[in-house]
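Participant: Quick one: this structure, given as structure tokens, is what I'll be asking you about.
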Amino acid sequence: MNEQEMIFVAEIEDIGKRIDSFLSEKVETFTRSRVQKIIDDGGVFVNSKVVSKSYKLCEGDNVTLNVPENTDLEILPEDIKLDIVYEDDDLLVVNKPKGMVVHPAAGNYSGTLVNALLFHCKGNLSGINGVNRPGIVHRIDKDTSGLVVVAKSDAAHMGLSEQFAEHSIKREYHAVVYGNVKNDFGTVNAPIGRHPVLRKQMAITYTNSKNAVTHYNVIERLNGFTYISCKLETGRTHQIRVHMASLGHSLAGDEVYGPKKVIKQLNGQCLHAKVLGFTHPVTKQQLLFNSELPEYFVKFLNSLKK
């Protein structure tokens with residue numbers, strides 16, 4: 001079986017971290033459970049020795065992650081129209097619509113971005129990130145619209161994953177939040193992990209969490225709401241939604257972190273991944289994409305201005 005090899009070096013701040021936690025931080029597209037499965041199968045080495053998932057790192061440890069080649073994919077291609085803003089032999093950038101799930105999971109095995117990509121790319125997608133997630137380097141929530149980069153080649157996937165791990169990817173989101181945000185700009189620096197009680201939710205927590213940093217700027221103050229932009233240093237699950245809710249300004253339409261009386265016509269949080277910039281992992285060209293606000297977002301803004 002062919003494998004993809006990824007190599008990392010533990011720094012001072014990594015001392016004492018469990019190997020599974022360290023690797024799930026380094027490869028943001030891998031869940032901790034996926035990393036643990038690879039470790040259990042003997043696919044992780046520290047200083048050329050196989051380790052268990054409870055191994056704790058020392059400074060300077062050389063960590064090798066061998067990602068096994070995927071088995072035959074069972075997810076079916078589907079002829080779903082995609083808004084492709086860029087494509088070449090190694091990658092493509094898609095403007096994902098609100099309501100589309102990125103990759104198949106329990107309850108969503110069809111109609112996903114992956115189903116559409118399999119049809120469009122005729123199966124020519126990177127296989128590094130698991131049989132259900134071909135080409136998926138990062139993701140955005142079902143009800144978040146906007147730009148997603150997809151890897152067609154393994155080389156592109158590796159290069160993009162490294163940029164996400166280094167936080168060198170430029171990501172800017174636009175959102176509408178409840179209330180009048182007091183400061184014109186600010187930063188939320190608070191770790192995010194699973195909610196200790198509500199397991200389907202994320203929360204600011206200092207237990208089993210990952211560092212998370214969001215910078216926000218006010219674009220326009222509206223009637224009872226504020227239109228903002230958010231730039232991410234990290235890409236944690238529900239990061240903007242959790243961070244803004246922690247300030248008392250949850251996202252309009254957010255059924256999970258917002259008020260009980262939700263704005264139904266938004267069909268989920270008013271959040272759009274507007275800007276995406278990165279270095280092309282193969283050609284080394286600097287790429288920057290800026291998508292238009294979707295119709296639902298513009299209509300909501302106009303209704304608030306009236």
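Residue names in the structure tokens use chain letters A, B, ... in the order shown, residue numbers from 1 in each chain, and ligand numbers from 1 in the order shown.
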Go through region 105-192 of chain A residue by residue and, counting only C-alpha atoms, keep those with an atom at most 6 Å from region 261-285 of chain A; for each kept residue give the shortest atom pair and its distance in Å to one decimal, ordered by chain and increasing number, as CSV.

Facilitator:
```
residue,atom,partner,partner_atom,distance
A:Asp143,CA,A:Gly268,CA,5.4
A:Thr144,CA,A:Leu271,CA,5.3
A:Ser145,CA,A:His272,CA,4.8
A:Gly146,CA,A:Ala273,CA,4.2
A:Leu147,CA,A:Ala273,CA,5.5
A:Ala156,CA,A:Pro281,CA,5.3
A:Gly159,CA,A:Pro281,CA,4.8
A:Ile169,CA,A:Phe278,CA,5.1
A:Lys170,CA,A:Gly277,CA,4.7
A:Arg171,CA,A:Leu276,CA,4.9
A:Glu172,CA,A:Val275,CA,4.9
A:Tyr173,CA,A:Ala273,CA,4.4
A:His174,CA,A:His272,CA,5.3
A:Ala175,CA,A:Leu271,CA,4.5
A:Val176,CA,A:Cys270,CA,5.8
```

Participant: Sort by chain and increasing residue number a table of all residues of region 89-205 of chain A within 9 Å of region 16-39 of chain A, each with its closest pair of atoms and their distance in Å to one decimal, counting only C-alpha atoms, and write it as CSV.

Facilitator:
```
residue,atom,partner,partner_atom,distance
A:Asn129,CA,A:Phe30,CA,7.0
A:Gly130,CA,A:Arg34,CA,8.7
A:Ile136,CA,A:Thr29,CA,7.7
A:Val137,CA,A:Thr29,CA,5.8
A:His138,CA,A:Thr29,CA,5.7
A:Arg139,CA,A:Thr29,CA,8.0
A:Ser161,CA,A:Val27,CA,6.3
A:Glu162,CA,A:Val27,CA,7.6
A:Phe164,CA,A:Glu28,CA,7.2
A:Ala165,CA,A:Lys26,CA,5.1
A:Glu166,CA,A:Lys26,CA,8.2
```

Participant: Please produce a file of the residues just selected, as a PDB file, in the first residue's frame, where the atoms kept are all heavy atoms.

Facilitator:
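Wrote part-v2.pdb, looks like this:
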```
ATOM      1  N   ASN A 129      -7.004  12.815   2.543  1.00  0.00           N
ATOM      2  CA  ASN A 129      -7.836  13.094   3.721  1.00  0.00           C
ATOM      3  C   ASN A 129      -8.999  12.119   3.933  1.00  0.00           C
ATOM      4  O   ASN A 129     -10.033  12.496   4.464  1.00  0.00           O
ATOM      5  CB  ASN A 129      -8.367  14.527   3.646  1.00  0.00           C
ATOM      6  CG  ASN A 129      -8.775  15.057   4.999  1.00  0.00           C
ATOM      7  OD1 ASN A 129      -8.334  14.556   6.029  1.00  0.00           O
ATOM      8  ND2 ASN A 129      -9.624  16.053   5.013  1.00  0.00           N
ATOM      9  N   GLY A 130      -8.825  10.869   3.550  1.00  0.00           N
ATOM     10  CA  GLY A 130      -9.853   9.875   3.863  1.00  0.00           C
ATOM     11  C   GLY A 130     -10.818   9.629   2.721  1.00  0.00           C
ATOM     12  O   GLY A 130     -11.029  10.475   1.863  1.00  0.00           O
ATOM     13  N   ILE A 136     -10.573  17.390   0.087  1.00  0.00           N
ATOM     14  CA  ILE A 136     -10.967  18.388   1.080  1.00  0.00           C
ATOM     15  C   ILE A 136      -9.791  18.719   1.998  1.00  0.00           C
ATOM     16  O   ILE A 136      -9.328  17.887   2.762  1.00  0.00           O
ATOM     17  CB  ILE A 136     -12.176  17.903   1.904  1.00  0.00           C
ATOM     18  CG1 ILE A 136     -13.361  17.616   0.980  1.00  0.00           C
ATOM     19  CG2 ILE A 136     -12.535  18.931   2.962  1.00  0.00           C
ATOM     20  CD1 ILE A 136     -13.807  18.790   0.136  1.00  0.00           C
ATOM     21  N   VAL A 137      -9.330  19.959   1.901  1.00  0.00           N
ATOM     22  CA  VAL A 137      -8.202  20.434   2.702  1.00  0.00           C
ATOM     23  C   VAL A 137      -8.721  21.164   3.948  1.00  0.00           C
ATOM     24  O   VAL A 137      -8.129  21.102   5.014  1.00  0.00           O
ATOM     25  CB  VAL A 137      -7.307  21.378   1.874  1.00  0.00           C
ATOM     26  CG1 VAL A 137      -6.084  21.817   2.671  1.00  0.00           C
ATOM     27  CG2 VAL A 137      -6.886  20.713   0.574  1.00  0.00           C
ATOM     28  N   HIS A 138      -9.827  21.866   3.781  1.00  0.00           N
ATOM     29  CA  HIS A 138     -10.492  22.552   4.901  1.00  0.00           C
ATOM     30  C   HIS A 138     -11.974  22.581   4.575  1.00  0.00           C
ATOM     31  O   HIS A 138     -12.395  22.211   3.486  1.00  0.00           O
ATOM     32  CB  HIS A 138      -9.946  23.979   5.077  1.00  0.00           C
ATOM     33  CG  HIS A 138     -10.349  24.914   3.974  1.00  0.00           C
ATOM     34  ND1 HIS A 138     -11.039  26.089   4.174  1.00  0.00           N
ATOM     35  CD2 HIS A 138     -10.166  24.836   2.622  1.00  0.00           C
ATOM     36  CE1 HIS A 138     -11.244  26.693   3.018  1.00  0.00           C
ATOM     37  NE2 HIS A 138     -10.731  25.966   2.065  1.00  0.00           N
ATOM     38  N   ARG A 139     -12.777  22.994   5.535  1.00  0.00           N
ATOM     39  CA  ARG A 139     -14.208  23.037   5.257  1.00  0.00           C
ATOM     40  C   ARG A 139     -14.848  24.237   5.935  1.00  0.00           C
ATOM     41  O   ARG A 139     -14.249  24.852   6.822  1.00  0.00           O
ATOM     42  CB  ARG A 139     -14.887  21.755   5.734  1.00  0.00           C
ATOM     43  CG  ARG A 139     -14.968  21.586   7.245  1.00  0.00           C
ATOM     44  CD  ARG A 139     -15.711  20.320   7.617  1.00  0.00           C
ATOM     45  NE  ARG A 139     -15.998  20.239   9.043  1.00  0.00           N
ATOM     46  CZ  ARG A 139     -17.045  20.806   9.643  1.00  0.00           C
ATOM     47  NH1 ARG A 139     -17.891  21.536   8.927  1.00  0.00           N
ATOM     48  NH2 ARG A 139     -17.250  20.673  10.932  1.00  0.00           N
ATOM     49  N   SER A 161      -2.067  21.976   3.143  1.00  0.00           N
ATOM     50  CA  SER A 161      -2.178  21.590   4.555  1.00  0.00           C
ATOM     51  C   SER A 161      -1.084  22.245   5.384  1.00  0.00           C
ATOM     52  O   SER A 161      -1.326  22.683   6.522  1.00  0.00           O
ATOM     53  CB  SER A 161      -2.101  20.068   4.704  1.00  0.00           C
ATOM     54  OG  SER A 161      -3.236  19.442   4.145  1.00  0.00           O
ATOM     55  N   GLU A 162       0.117  22.331   4.825  1.00  0.00           N
ATOM     56  CA  GLU A 162       1.222  22.977   5.536  1.00  0.00           C
ATOM     57  C   GLU A 162       0.920  24.458   5.764  1.00  0.00           C
ATOM     58  O   GLU A 162       1.208  25.011   6.841  1.00  0.00           O
ATOM     59  CB  GLU A 162       2.518  22.816   4.739  1.00  0.00           C
ATOM     60  CG  GLU A 162       3.071  21.394   4.763  1.00  0.00           C
ATOM     61  CD  GLU A 162       4.270  21.226   3.840  1.00  0.00           C
ATOM     62  OE1 GLU A 162       4.682  22.234   3.219  1.00  0.00           O
ATOM     63  OE2 GLU A 162       4.784  20.097   3.741  1.00  0.00           O
ATOM     64  N   PHE A 164      -2.065  25.832   5.997  1.00  0.00           N
ATOM     65  CA  PHE A 164      -3.094  25.936   7.034  1.00  0.00           C
ATOM     66  C   PHE A 164      -2.473  25.726   8.414  1.00  0.00           C
ATOM     67  O   PHE A 164      -2.822  26.420   9.372  1.00  0.00           O
ATOM     68  CB  PHE A 164      -4.204  24.913   6.787  1.00  0.00           C
ATOM     69  CG  PHE A 164      -5.286  25.393   5.846  1.00  0.00           C
ATOM     70  CD1 PHE A 164      -5.306  24.978   4.528  1.00  0.00           C
ATOM     71  CD2 PHE A 164      -6.259  26.271   6.288  1.00  0.00           C
ATOM     72  CE1 PHE A 164      -6.291  25.421   3.660  1.00  0.00           C
ATOM     73  CE2 PHE A 164      -7.243  26.727   5.423  1.00  0.00           C
ATOM     74  CZ  PHE A 164      -7.268  26.311   4.105  1.00  0.00           C
ATOM     75  N   ALA A 165      -1.550  24.773   8.514  1.00  0.00           N
ATOM     76  CA  ALA A 165      -0.894  24.495   9.803  1.00  0.00           C
ATOM     77  C   ALA A 165      -0.055  25.687  10.263  1.00  0.00           C
ATOM     78  O   ALA A 165       0.040  25.976  11.458  1.00  0.00           O
ATOM     79  CB  ALA A 165      -0.021  23.252   9.688  1.00  0.00           C
ATOM     80  N   GLU A 166       0.545  26.384   9.300  1.00  0.00           N
ATOM     81  CA  GLU A 166       1.376  27.549   9.615  1.00  0.00           C
ATOM     82  C   GLU A 166       0.551  28.828   9.777  1.00  0.00           C
ATOM     83  O   GLU A 166       1.088  29.886  10.093  1.00  0.00           O
ATOM     84  CB  GLU A 166       2.407  27.764   8.495  1.00  0.00           C
ATOM     85  CG  GLU A 166       3.419  26.641   8.365  1.00  0.00           C
ATOM     86  CD  GLU A 166       4.187  26.695   7.053  1.00  0.00           C
ATOM     87  OE1 GLU A 166       3.835  27.564   6.201  1.00  0.00           O
ATOM     88  OE2 GLU A 166       5.106  25.890   6.864  1.00  0.00           O
TER      89      GLU A 166
END
```

Participant: When DSSP is applied to the backbone of this structure, which of region 103-198 of chain A are assigned alpha helix (DSSP H)? Write them out as an NGL selection string.

Facilitator: :A and (113-120 or 154-165)

Participant: With C-alpha atoms kept, could you save the residues just selected as a PDB file, in the first residue's frame?

Facilitator:
```
ATOM      1  CA  LEU A 113     -19.657  19.287  -2.217  1.00  0.00           C
ATOM      2  CA  VAL A 114     -17.669  16.039  -2.444  1.00  0.00           C
ATOM      3  CA  ASN A 115     -20.405  14.366  -4.515  1.00  0.00           C
ATOM      4  CA  ALA A 116     -20.324  17.329  -6.894  1.00  0.00           C
ATOM      5  CA  LEU A 117     -16.513  17.385  -7.041  1.00  0.00           C
ATOM      6  CA  LEU A 118     -16.310  13.672  -7.856  1.00  0.00           C
ATOM      7  CA  PHE A 119     -18.522  14.284 -10.889  1.00  0.00           C
ATOM      8  CA  HIS A 120     -16.795  17.474 -12.004  1.00  0.00           C
ATOM      9  CA  ASP A 154      -1.621  14.953  -3.413  1.00  0.00           C
ATOM     10  CA  ALA A 155       1.223  17.451  -3.826  1.00  0.00           C
ATOM     11  CA  ALA A 156      -1.261  20.315  -3.708  1.00  0.00           C
ATOM     12  CA  HIS A 157      -2.983  18.810  -0.673  1.00  0.00           C
ATOM     13  CA  MET A 158       0.290  18.484   1.228  1.00  0.00           C
ATOM     14  CA  GLY A 159       1.347  22.038   0.386  1.00  0.00           C
ATOM     15  CA  LEU A 160      -2.009  23.563   1.301  1.00  0.00           C
ATOM     16  CA  SER A 161      -2.178  21.590   4.555  1.00  0.00           C
ATOM     17  CA  GLU A 162       1.222  22.977   5.536  1.00  0.00           C
ATOM     18  CA  GLN A 163       0.000  26.530   4.902  1.00  0.00           C
ATOM     19  CA  PHE A 164      -3.094  25.936   7.034  1.00  0.00           C
ATOM     20  CA  ALA A 165      -0.894  24.495   9.803  1.00  0.00           C
TER      21      ALA A 165
END
```

Participant: Skipping near chain neighbours, those fewer than 3 positions away, what residues fall within 8 Å of Ser153 (chain A) using only C-alpha atoms, listed as a PyMOL selection string?

Facilitator: chain A and resi 89-91+124-126+135+156-157

Participant: Of the candidates A:Asn66, A:Thr237, A:Val177, A:Glu292, which shows the shortest atom-to-atom distance to Ser250 (chain A), using only C-alpha atoms?

Facilitator: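 Of all the options, A:Val177 lies closest to Ser250 (chain A).
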
Participant: Residues near region 195-204 of chain A, anyone? I mean within 12 Å using only C-alpha atoms, not counting same-chain ones fewer than 4 positions away, as a list in words.

Facilitator: Val188, Asn189, Ala190, Pro191, Asn208, Ser209, Lys210, Asn211, Ala212, Val213, Arg236, Thr237, His238, Gln239, Ile240, Arg241, Val242, His243, Met244, Ala245, Ser246, Leu247, Glu255, Val256 and Tyr257 of chain A

Participant: Go ahead and write the residues just picked, N, CA, C and O atoms, as a compact mmCIF listing (two decimals), in the first residue's frame.

Facilitator:
```
# COMPACT_ATOMS: atom_id res chain seq x y z
N VAL A 188 -10.39 38.47 19.42
CA VAL A 188 -10.76 37.47 20.41
C VAL A 188 -9.71 36.37 20.35
O VAL A 188 -9.52 35.74 19.31
N ASN A 189 -9.00 36.19 21.45
CA ASN A 189 -7.97 35.16 21.54
C ASN A 189 -8.38 34.22 22.67
O ASN A 189 -8.09 34.48 23.84
N ALA A 190 -9.09 33.15 22.32
CA ALA A 190 -9.61 32.24 23.33
C ALA A 190 -9.71 30.84 22.74
O ALA A 190 -10.22 30.66 21.63
N PRO A 191 -9.20 29.84 23.45
CA PRO A 191 -9.18 28.46 22.92
C PRO A 191 -10.58 27.88 22.77
O PRO A 191 -11.49 28.18 23.56
N ASN A 208 -8.85 20.22 26.74
CA ASN A 208 -8.91 19.55 25.43
C ASN A 208 -9.32 20.51 24.33
O ASN A 208 -10.23 20.23 23.53
N SER A 209 -8.67 21.65 24.29
CA SER A 209 -9.02 22.68 23.32
C SER A 209 -7.81 23.05 22.47
O SER A 209 -6.69 22.61 22.73
N LYS A 210 -8.05 23.87 21.44
CA LYS A 210 -6.99 24.37 20.58
C LYS A 210 -7.05 25.89 20.58
O LYS A 210 -8.14 26.48 20.65
N ASN A 211 -5.88 26.52 20.47
CA ASN A 211 -5.86 27.98 20.45
C ASN A 211 -6.65 28.49 19.25
O ASN A 211 -6.67 27.87 18.19
N ALA A 212 -7.31 29.61 19.43
CA ALA A 212 -8.13 30.19 18.36
C ALA A 212 -8.06 31.71 18.45
O ALA A 212 -8.22 32.28 19.52
N VAL A 213 -7.82 32.35 17.30
CA VAL A 213 -7.68 33.81 17.26
C VAL A 213 -8.51 34.37 16.11
O VAL A 213 -8.36 33.96 14.95
N ARG A 236 -10.71 26.95 13.64
CA ARG A 236 -11.38 25.97 14.48
C ARG A 236 -12.85 25.83 14.10
O ARG A 236 -13.45 26.77 13.55
N THR A 237 -13.43 24.70 14.42
CA THR A 237 -14.84 24.46 14.16
C THR A 237 -15.69 25.53 14.86
O THR A 237 -15.53 25.77 16.05
N HIS A 238 -16.57 26.18 14.08
CA HIS A 238 -17.49 27.20 14.59
C HIS A 238 -16.76 28.38 15.21
O HIS A 238 -17.32 29.09 16.07
N GLN A 239 -15.54 28.65 14.79
CA GLN A 239 -14.71 29.66 15.49
C GLN A 239 -15.36 31.03 15.57
O GLN A 239 -15.48 31.61 16.66
N ILE A 240 -15.77 31.59 14.44
CA ILE A 240 -16.35 32.93 14.45
C ILE A 240 -17.65 32.94 15.24
O ILE A 240 -17.92 33.87 16.02
N ARG A 241 -18.45 31.90 15.08
CA ARG A 241 -19.74 31.82 15.76
C ARG A 241 -19.54 31.80 17.28
O ARG A 241 -20.25 32.49 18.02
N VAL A 242 -18.58 31.02 17.75
CA VAL A 242 -18.31 30.92 19.19
C VAL A 242 -17.68 32.21 19.73
O VAL A 242 -18.08 32.73 20.77
N HIS A 243 -16.70 32.73 19.01
CA HIS A 243 -16.00 33.92 19.49
C HIS A 243 -16.91 35.14 19.55
O HIS A 243 -16.88 35.90 20.53
N MET A 244 -17.72 35.36 18.51
CA MET A 244 -18.59 36.53 18.53
C MET A 244 -19.70 36.37 19.57
O MET A 244 -20.07 37.34 20.24
N ALA A 245 -20.20 35.16 19.74
CA ALA A 245 -21.21 34.92 20.78
C ALA A 245 -20.63 35.19 22.17
O ALA A 245 -21.34 35.68 23.06
N SER A 246 -19.33 34.91 22.34
CA SER A 246 -18.69 35.15 23.64
C SER A 246 -18.64 36.64 23.98
O SER A 246 -18.53 37.02 25.14
N LEU A 247 -18.72 37.50 22.96
CA LEU A 247 -18.72 38.96 23.16
C LEU A 247 -20.13 39.49 23.35
O LEU A 247 -20.33 40.70 23.54
N GLU A 255 -28.76 29.26 14.82
CA GLU A 255 -29.70 28.48 15.63
C GLU A 255 -29.03 27.82 16.83
O GLU A 255 -29.71 27.37 17.76
N VAL A 256 -27.71 27.74 16.82
CA VAL A 256 -26.98 27.03 17.89
C VAL A 256 -26.47 27.99 18.96
O VAL A 256 -26.66 27.76 20.16
N TYR A 257 -25.84 29.08 18.55
CA TYR A 257 -25.20 29.98 19.50
C TYR A 257 -25.95 31.32 19.67
O TYR A 257 -25.53 32.15 20.46
```

Participant: Would you mind telling me which residue in A:Tyr227, A:Phe297, A:Tyr55, A:Tyr86 lies nearest to Ala151 (chain A) when using only C-alpha atoms?

Facilitator: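 The closest residue to Ala151 (chain A) is A:Tyr86.
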
Participant: What residues in region 53-97 of chain A get the DSSP label strand (DSSP E)? Please answer as JSON, numbers by chain.

Facilitator: {"A": [62, 63, 64, 65, 66, 67, 68, 84, 85, 86, 87, 91, 92, 93, 94, 95, 96]}

Participant: Can you pull out the residues contacting Val181 (chain A)? Cut-off 8 Å, using only C-alpha atoms, and skip same-chain residues under 3 positions away; I want them as a PyMOL selection string.

Facilitator: chain A and resi 184+218+221+226+249

Participant: Could you check which of A:Ile84, A:Leu92, A:Leu57, A:Val51 is closest to Phe8 (chain A), using only C-alpha atoms?

Facilitator: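 Answer, going by the shortest atom-to-atom distance: A:Leu57.
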
Participant: Measure the distance from CA of Thr64 (chain A) to CA of Val46 (chain A) in Å and round it to one decimal.

Facilitator: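 Distance reported for this atom pair: 6.4 Å.
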
Participant: Would you work out the distance separating CA of Lys122 (chain A) from CA of Val85 (chain A), expressed in Å to one decimal?

Facilitator: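 CA of Lys122 (chain A) sits 18.3 Å away from CA of Val85 (chain A).
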
Participant: State, in Å with one decimal place, the distance from CA of Glu220 (chain A) to CA of Phe289 (chain A).

Facilitator: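 Value for the CA of Glu220 (chain A)-CA of Phe289 (chain A) distance: 22.5 Å.
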